[in-house]
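Asks: Structure incoming, see below.
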Amino acid sequence: MHLLSLQIRNFRVLKEVNLEFPDNIIGIIGPNGAGKSSLVEAIAWALYGHQAARSGKDEIKAGFARAGDDCQVTLGFKIHDESYRVLRRLTGRTERPEVELYRGTGAESVGSTETRKYIEHLLGLDWRGFFTSFLARQQELNALSDLQPSKRREHLAGMLGIEKLDRALQQVKEDNRRFEDKVVFLQKQLTEKEPVKRRLAELAEHEKTLAERYRKESGAFARLKQAYEVISMQYKREHEKKMTCSALAARLEATLKTRDNIVENHHRLTTELNTLQTSRQVLEELEKELTAFDPLKKEYENQKDARNKIRFREELGHRRETIGRELDRLQKRELETRQNLDTIRDGLKAIPDEIESLVTAAESRLNALRDEYAAFKAEQETRQKELGKLREQIKAIREIGPGAVCDRCRRPFGDDLPKIKLHLDREMKELLDSLTQFEKLLPEKKAEGLKIKEQVDKLDRGRRRKFELTSQLDNIRKEMAEITVQKEKHQAELDRLAPQLAELEKLVFDPAAYSRLEAQLSRLEKKQVQYNQLQGSLRRIPAVTEEIAAAVGKLAALDAEADRFKAELAGLEFDELVFEKVKAAFEELQNKFDDGKSALVELNKEMELVKKEIQLKGEQLAGFDNAERDLEDCRTGHFYGEKLGLLFADFRKQVIASIRPRLAELSSALFSEMTDSRFNLVELDENYNLKVMDYGQFFGVERFSGGEKDLANLCLRLAISLALTESAGLDRSFVILDEVFGSQDNVRKELILKGLANLKKRFPQMLLVTHIEEIKNSVETLIEVVPTGTGWSEVRVNGTKI
């Protein structure tokens with residue numbers, strides 16, 4: 001496989017990259033975290049997708065890219081003179097994966113799964129095999145020499161793909177265990193075969209017995225059914241007679257009952273007619289007595305109206321007295337209110353009109369005195385602090401001599417010390433004088449403030465008193481206005497009552513005469529009600545007469561209908577004793593018929609259950625036959641599985657035995673080329689310990705210098721890559737060496753670079769990924785990955801930004 005080109009957009013920390021891969025030593029250099037490994041990862045991701053990435057899909061697209069920008073990698077490569085180009089991208093806001101593979105100019109495959117399978121077939125490697133074949137890392141080189149023998153064998157088995165053979169062998173063993181488990185299960189299952197066969201024979205015999213019973217009971221049931229049908233017809237005829245007889249008897253009873261009701265109604269109507277004819281005499285007497293009803297009622301209404309007016313006159317008199325008392329109360333309240341009004345006015349005259357301005361001026365003066373006092377107090381405290389500091393300075397000056405050094409200018413005091421002391425004493429005196437003055441001023445200011453405070457309190461009390469009196473004055477004025485309105489309202493009502501009372505004084509009412517009229521009118525009203533009732537009753541005489549005639553006609557018709565029903569009952573010839581005898585015989589046969597039918601149904605169900613169980617047991621026997629065949633198949637599978645496991649184990653030994661000499665052969669050739677034939681032969685012992693021949697004798701690599709040991713390990717790692725690509729049928733043209741210089745000194749780095757230069761014929765393209773700046777001048781093509789400080793890195797080829 002030969003690399004041709006690599007185009008990258010928005011992959012990891014790489015924004016825009018366009019690389020060509022020449023046939024020489026290519027250095028990919030940059031600080032840790034700059035994105036060197038991202039270039040290598042982009043090659044694997046283009047070929048194999050997300051499984052070859054270091055992280056999930058969500059972290060592949062660059063964080064600096066916009067939501068709608070694509071993440072895309074295009075890799076060009078050549079295999080057996082055929083050019084290929086694979087394009088893989090995450091597109092759109094949902095980062096939908098897309099991949100396309102071209103051979104020459106034509107599309108070869110589209111879609112993730114199809115392209116992955118095509119790549120694996122084309123290269124003969126999955127993504128793990130690709131990394132092992134084409135990428136060598138420093139930790140892998142260290143593992144080849146530093147690990148314990150068992151760990152080294154395990155590590156090399158993973159690199160060479162032998163673990164796939166181990167997994168196949170493990171699968172064979174698991175299949176054999178499953179065969180063993182199934183054999184045990186089937187053998188246990190087949191122990192139930194004989195009991196099932198015995199049960200099947202029992203069921204067959206029982207089925208014959210049930211069939212014979214069913215034949216006999218079916219014949220008996222057929223004869224019973226015939227007798228049941230005969231008695232059923234006889235019972236049906238007798239039952240129909242009984243129903244007809246019952247219906248006629250019910251109709252006859254209803255007719256006779258209706259006749260009794262009409263007879264009773266005829267008697268009632270006759271009695272009512274006699275009563276109505278007697279009521280005509282009572283009606284004539286009432287007419288004579290009711291001639292005085294209307295005049296009496298009119299006189300009563302006049303007396304009643306007079307009584308109501310007298311009661312209204314009494315109510316008006318009571319109302320006039322109530323209003324008079326209310327006017328007297330308002331008069332007293334008005335007098336008291338006027339007296340309160342004069343008192344408030346006198347109080348307001350005693351308070352100055354400019355009380356508000358006087359209060360404001362006094363408060364301003366008080367606030368000014370407070371500020372002045374606070375300022376004096378603060379100044380006094382400040383000077384007291386200064387006095388304390390000055391006393392400490394004087395004390396310190398007295399304790400030191402002329403040779404002492406100033407803590408600020410760092411010069412000795414010398415002859416200036418007396419002057420300094422004199423100056424400090426003068427400052428002390430000035431501070432003490434000022435403090436004495438403050439001690440005198442502060443009490444004076446405080447006394448003046450207290451005096452002003454008393455004036456402010458007195459003026460404030462006057463202001464509040466004025467506000468209270470003014471509010472009271474407004475309330476009293478409102479009360480006076482309310483009293484005036486109420487007096488006028490009551491006087492107007494008295495004026496309205498006076499003419500009404502004068503007119504009602506003329507009325508005369510006799511209570512005894514009113515009571516007498518009320519009793520007479522009540523008696524006549526009852527007579528009037530009786531008269532009206534009698535008049536309504538007499539109007540029913542024609543209707544009652546007609547109803548009596550209709551009742552006589554209905555009685556004749558009902559008598560004829562009753563005679564007809566009696567004749568029909570006599571013609572039916574129904575005998576209750578015969579009916580009961582037939583009914584008993586019918587019910588007896590019906591019970592026998594139902595029992596026989598139920599017995600046949602139960603017998604039929606039992607036969608069906610036996611048939612189902614026979615079918616089930618037959619299926620079980622068929623299952624046992626299948627189980628016997630499965631048992632034989634499992635025993636055969638287990639036999640051949642054990643054979644296959646032995647073959648796999650032998651094959652694994654042969655593979656390992658053949659790989660070790662081949663790796664030694666390839667490592668020897670590479671080591672010879674890298675050391676200019678200084679060392680020509682390398683071998684691997686059973687523990688894959690690397691040994692180098694020197695002067696005709698093999699020695700472990702720990703005997704040689706550090707640089708030679710690194711070269712030997714590198715040759716073994718490259719030999720593994722060559723072995724894998726040979727097995728895949730690939731032409732080996734490139735290798736990627738990731739941080740293989742480790743922490744080696746410059747001599748060992750130069751030795752490795754010199755050895756790599758000798759392998760150019762075997763590996764035309766060698767990509768060295770490293771953070772070591774010193775090898776810049778030792779590579780033929782320099783690719784630098786440089787962070788920009790804005791979240792992404794730029795790529796330069798031989799100093800030119802691309």
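Labels for the structure tokens follow display order: chains A, B, ..., residues from 1 in each chain, ligands from 1.
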Excluding A:Ile351 and its own-chain neighbours fewer than 6 positions away, which residues fall within 10 Å of it when counting only C-alpha atoms? Please give them as a PyMOL selection string.
Replies: chain A and resi 459+462-463+465-466
Asks: Quick one: residues within 12 Å of stretch 595-600 of chain A, only C-alpha atoms counted, chain neighbours fewer than 2 positions away excluded, as a ChimeraX atom specification?
Replies: /A:210-211,213-225,228,588-593,602-607
Asks: Using only C-alpha atoms, find the one residue out of A:Thr800, A:Ala62, A:Asn713, A:Gln491 that sits nearest to A:Arg320.
Replies: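 The shortest atom-to-atom distance to A:Arg320 comes from A:Gln491.
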Asks: Within 9 Å of A:Leu125, counting only C-alpha atoms, which residues show up once you throw out same-chain ones fewer than 5 positions away? Write them as a PyMOL selection string, please.
Replies: chain A and resi 119-120+130+133+724-725+728
Asks: Atom CA of A:Leu87 and atom CA of A:Glu100, how far apart in Å?
Replies: 5.3 Å
Asks: Taking the chain letters and numbering used in this document, name the residues of stretch 98-340 of chain A that DSSP puts in strand (DSSP E or B), as number ranges by chain.
Replies: A: 98-103, 106-110, 135-137
Asks: Write to file, as a tab-separated table (two decimals), in the first residue's frame, the residues of the selection just made, with all heavy atoms.
Replies:
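Result file is result10.tsv:
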```tsv
chain	number	residue	atom	x	y	z
A	98	GLU	N	-21.22	9.70	5.92
A	98	GLU	CA	-21.25	9.32	4.52
A	98	GLU	C	-19.85	8.88	4.11
A	98	GLU	O	-18.85	9.42	4.60
A	98	GLU	CB	-21.70	10.48	3.62
A	98	GLU	CG	-23.14	10.92	3.86
A	98	GLU	CD	-23.53	12.11	2.98
A	98	GLU	OE1	-22.63	12.62	2.27
A	98	GLU	OE2	-24.71	12.50	3.00
A	99	VAL	N	-19.75	7.88	3.20
A	99	VAL	CA	-18.44	7.42	2.75
A	99	VAL	C	-18.58	6.92	1.30
A	99	VAL	O	-19.59	6.33	0.93
A	99	VAL	CB	-17.90	6.31	3.68
A	99	VAL	CG1	-18.82	5.12	3.72
A	99	VAL	CG2	-16.50	5.88	3.25
A	100	GLU	N	-17.54	7.20	0.51
A	100	GLU	CA	-17.51	6.77	-0.89
A	100	GLU	C	-16.10	6.30	-1.20
A	100	GLU	O	-15.12	6.89	-0.74
A	100	GLU	CB	-17.90	7.93	-1.82
A	100	GLU	CG	-19.29	8.51	-1.54
A	100	GLU	CD	-19.44	9.93	-2.09
A	100	GLU	OE1	-18.56	10.35	-2.87
A	100	GLU	OE2	-20.41	10.61	-1.70
A	101	LEU	N	-15.98	5.24	-2.05
A	101	LEU	CA	-14.68	4.70	-2.45
A	101	LEU	C	-14.63	4.67	-3.98
A	101	LEU	O	-15.56	4.20	-4.63
A	101	LEU	CB	-14.50	3.28	-1.89
A	101	LEU	CG	-13.19	2.58	-2.30
A	101	LEU	CD1	-11.99	3.29	-1.69
A	101	LEU	CD2	-13.22	1.11	-1.87
A	102	TYR	N	-13.55	5.21	-4.52
A	102	TYR	CA	-13.36	5.27	-5.97
A	102	TYR	C	-12.11	4.47	-6.34
A	102	TYR	O	-11.08	4.55	-5.64
A	102	TYR	CB	-13.21	6.71	-6.44
A	102	TYR	CG	-14.41	7.58	-6.15
A	102	TYR	CD1	-14.52	8.27	-4.93
A	102	TYR	CD2	-15.44	7.71	-7.08
A	102	TYR	CE1	-15.63	9.05	-4.67
A	102	TYR	CE2	-16.55	8.50	-6.81
A	102	TYR	CZ	-16.64	9.17	-5.60
A	102	TYR	OH	-17.72	9.94	-5.34
A	103	ARG	N	-12.19	3.73	-7.44
A	103	ARG	CA	-11.01	3.10	-8.03
A	103	ARG	C	-10.80	3.77	-9.39
A	103	ARG	O	-11.65	3.66	-10.27
A	103	ARG	CB	-11.22	1.60	-8.22
A	103	ARG	CG	-9.97	0.91	-8.76
A	103	ARG	CD	-10.07	-0.59	-8.72
A	103	ARG	NE	-11.10	-1.07	-9.66
A	103	ARG	CZ	-11.32	-2.37	-9.88
A	103	ARG	NH1	-10.62	-3.30	-9.23
A	103	ARG	NH2	-12.27	-2.74	-10.73
A	106	GLY	N	-13.85	5.78	-11.28
A	106	GLY	CA	-15.18	5.22	-11.11
A	106	GLY	C	-15.48	4.88	-9.67
A	106	GLY	O	-14.59	4.48	-8.91
A	107	ALA	N	-16.75	5.03	-9.28
A	107	ALA	CA	-17.18	4.70	-7.92
A	107	ALA	C	-17.15	3.19	-7.72
A	107	ALA	O	-17.64	2.43	-8.57
A	107	ALA	CB	-18.57	5.25	-7.65
A	108	GLU	N	-16.58	2.76	-6.61
A	108	GLU	CA	-16.45	1.34	-6.32
A	108	GLU	C	-17.46	0.90	-5.26
A	108	GLU	O	-17.97	-0.20	-5.30
A	108	GLU	CB	-15.02	1.03	-5.85
A	108	GLU	CG	-14.67	-0.43	-5.88
A	108	GLU	CD	-14.51	-0.97	-7.30
A	108	GLU	OE1	-14.45	-0.17	-8.26
A	108	GLU	OE2	-14.45	-2.20	-7.44
A	109	SER	N	-17.71	1.77	-4.25
A	109	SER	CA	-18.69	1.42	-3.20
A	109	SER	C	-19.17	2.71	-2.54
A	109	SER	O	-18.49	3.73	-2.56
A	109	SER	CB	-18.06	0.50	-2.14
A	109	SER	OG	-17.10	1.19	-1.39
A	110	VAL	N	-20.39	2.62	-1.97
A	110	VAL	CA	-21.01	3.74	-1.26
A	110	VAL	C	-21.65	3.17	0.01
A	110	VAL	O	-22.26	2.11	-0.03
A	110	VAL	CB	-22.07	4.45	-2.12
A	110	VAL	CG1	-22.77	5.53	-1.30
A	110	VAL	CG2	-21.45	5.03	-3.38
A	135	LEU	N	1.69	1.01	11.86
A	135	LEU	CA	1.98	2.00	12.89
A	135	LEU	C	2.74	1.35	14.03
A	135	LEU	O	2.30	0.35	14.59
A	135	LEU	CB	0.66	2.60	13.43
A	135	LEU	CG	0.79	3.60	14.58
A	135	LEU	CD1	1.57	4.84	14.14
A	135	LEU	CD2	-0.60	4.02	15.08
A	136	ALA	N	3.91	1.91	14.35
A	136	ALA	CA	4.72	1.44	15.47
A	136	ALA	C	4.85	2.55	16.49
A	136	ALA	O	5.22	3.68	16.15
A	136	ALA	CB	6.10	1.00	14.98
A	137	ARG	N	4.55	2.24	17.78
A	137	ARG	CA	4.60	3.25	18.84
A	137	ARG	C	5.71	2.91	19.81
A	137	ARG	O	6.14	1.76	19.93
A	137	ARG	CB	3.26	3.30	19.59
A	137	ARG	CG	2.08	3.72	18.73
A	137	ARG	CD	0.83	3.81	19.59
A	137	ARG	NE	-0.33	4.31	18.86
A	137	ARG	CZ	-1.21	3.54	18.24
A	137	ARG	NH1	-1.05	2.23	18.26
A	137	ARG	NH2	-2.23	4.07	17.60
```
